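S.K.: Sharing a structure, written as structure tokens. Questions coming.
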Amino acid sequence: MSGLYRIEDGPIDPGEAIGAVGGPDRGAIATFTGTARDHHGGRRVVALEYQAYAPMAEEVLRAIGAEVAERFGTPHVAILHRIGRLAIGEASVVVAVAAAHRREALAGCAYAIERLKAMAPIWKREHYEDGAAWIEGCTDAGG
Amino acid sequence: MLLFARYREAAGRAALEVDVPAGATLGQVWERVREQVPALRGEERPLLACDRAYSSADRVVSEGQEIAAFPPVSGG
């Protein structure tokens, strides 16, 4: 049983998530990395900032890991989410799911990031050249 | 009551203390918070949490619980 669920006030490392879920009985590790994008709705974004209700968010991430275990048959899940201010291109979230076979790993990874976006008490603030705004709710299809 | 994101910014602080009678619900606590923060008056349906789990507005709160209100989430 592996599992790593953390809100981090500093850079997050996909390698740490991969290392946390891999093991000899697993033939696949699927990962997702969300990165700070330089535009939104036609507006230039110069930086991102995330705030979290960290203790609750970590509980929610742990619950998502349990859902992945139940639905896809693998308990090997790592989810790291960064908070604070990020430069464009930096990783905001990393998900890694390991399983015996690729299908479960890929499907579990996709499921976990969608659930995180819907449920985890974390908020994004976009900084523009001339101001900033909190984003509320999922505003895009795949970011 | 802990506040996050835009609610925190509107209140100018991370948490607000309000007095409610025994047996008050989360929704009633939120009403008191809205009375104190004019910028939140229009927020009739926030997300609410009790002891770090999502809760409905009709949940009765008791002494010592950690309660929170926040806008729709946007992590990822």
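Chains: A, B, ... in order of the structure tokens. Residues: from 1 per chain. Ligands: from 1, in order shown.
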How would you write, as an NGL selection string, the set of residues in chain A that DSSP gives as alpha helix (DSSP H)?

M.R.: :A and (14-21 or 54-72 or 102-119)

S.K.: Please identify all residues of chain B having at least one atom at most 9 Å from any atom of chain A, considering only C-alpha atoms, and return them as a list in words.

M.R.: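 Every residue meeting the condition is included here: Leu2, Leu3, Phe4, Ala5, Arg6, Ala49, Asp51, Arg52, Ala53, Ala68, Phe70, Pro71, Pro72, Val73, Ser74, Gly75 and Gly76 of chain B.
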
S.K.: Would you pick out the contacts of segment 29-37 of chain B at 8 Å or less, using only C-alpha atoms, so that residues sharing its chain but fewer than 2 positions from it are not included, and give the list as a VMD selection string?

M.R.: chain B and resid 1 10 to 11 16 18 to 20 24 to 27 39 to 41 43 69

S.K.: Quick check, in Å to one decimal: how far apart do atom CA of Ala96 of chain A and atom CA of Ala30 of chain A lie?

M.R.: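 About the pair atom CA of Ala96 of chain A and atom CA of Ala30 of chain A: they are 5.6 Å apart.
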
S.K.: May I ask for the distance between atom CA of Ala57 of chain B and atom CA of Glu9 of chain B, given in Å to one decimal place?

M.R.: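 We find that atom CA of Ala57 of chain B and atom CA of Glu9 of chain B lie 22.1 Å from each other.
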
S.K.: Hey, can you check how far atom CA of Gly65 of chain A sits from atom CA of Glu90 of chain A?

M.R.: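 Between these atoms lies a distance of 23.9 Å.
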
S.K.: As a ChimeraX atom specification, please: all residues of chain A that backbone DSSP puts in strand (DSSP E or B).

M.R.: /A:3-8,28-35,39-40,43-52,76-82,84-87,91-99,122-128,131-135

S.K.: Residues at most 8 Å from Phe72 of chain A, counting only C-alpha atoms, excluding those fewer than 2 positions away in the same chain, as a ChimeraX atom specification?

M.R.: /A:68-70,74,104-105,107-108

S.K.: Keeping N, CA and C atoms, export the residues of the selection given above as a short mmCIF file (atom, residue, chain, number, x, y, z; two decimals), in the first residue's frame.

M.R.:
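The resulting selection-v4.cif:
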```cif
data_model
loop_
_atom_site.label_atom_id
_atom_site.label_comp_id
_atom_site.auth_asym_id
_atom_site.auth_seq_id
_atom_site.Cartn_x
_atom_site.Cartn_y
_atom_site.Cartn_z
N VAL A 68 -9.72 5.80 -6.23
CA VAL A 68 -8.94 5.18 -7.31
C VAL A 68 -8.71 3.70 -6.99
N ALA A 69 -8.39 3.41 -5.73
CA ALA A 69 -8.16 2.02 -5.33
C ALA A 69 -9.41 1.18 -5.56
N GLU A 70 -10.55 1.76 -5.20
CA GLU A 70 -11.80 1.01 -5.32
C GLU A 70 -12.20 0.81 -6.78
N THR A 74 -6.06 -0.33 -7.80
CA THR A 74 -4.68 -0.11 -7.39
C THR A 74 -4.59 0.97 -6.31
N GLU A 104 -5.27 0.51 -16.21
CA GLU A 104 -5.69 0.94 -14.88
C GLU A 104 -4.92 2.18 -14.44
N ALA A 105 -3.62 2.21 -14.77
CA ALA A 105 -2.79 3.34 -14.37
C ALA A 105 -3.26 4.63 -15.06
N ALA A 107 -6.20 5.24 -16.58
CA ALA A 107 -7.58 5.61 -16.22
C ALA A 107 -7.62 6.16 -14.79
N GLY A 108 -6.86 5.56 -13.90
CA GLY A 108 -6.83 6.04 -12.51
C GLY A 108 -6.25 7.44 -12.41
#
```

S.K.: Select, from B:Glu44, B:Arg13, B:Cys50, B:Gln28, the residue with the minimum atom-to-atom distance to Glu63 of chain B, counting only C-alpha atoms.

M.R.: B:Cys50

S.K.: So, counting only C-alpha atoms, which residue among B:Gly42, B:Ile67, B:Ala15, B:Pro21 is closest to Ser55 of chain B?

M.R.: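 Ranking B:Gly42, B:Ile67, B:Ala15, B:Pro21 by distance to Ser55 of chain B, first place goes to B:Ile67.
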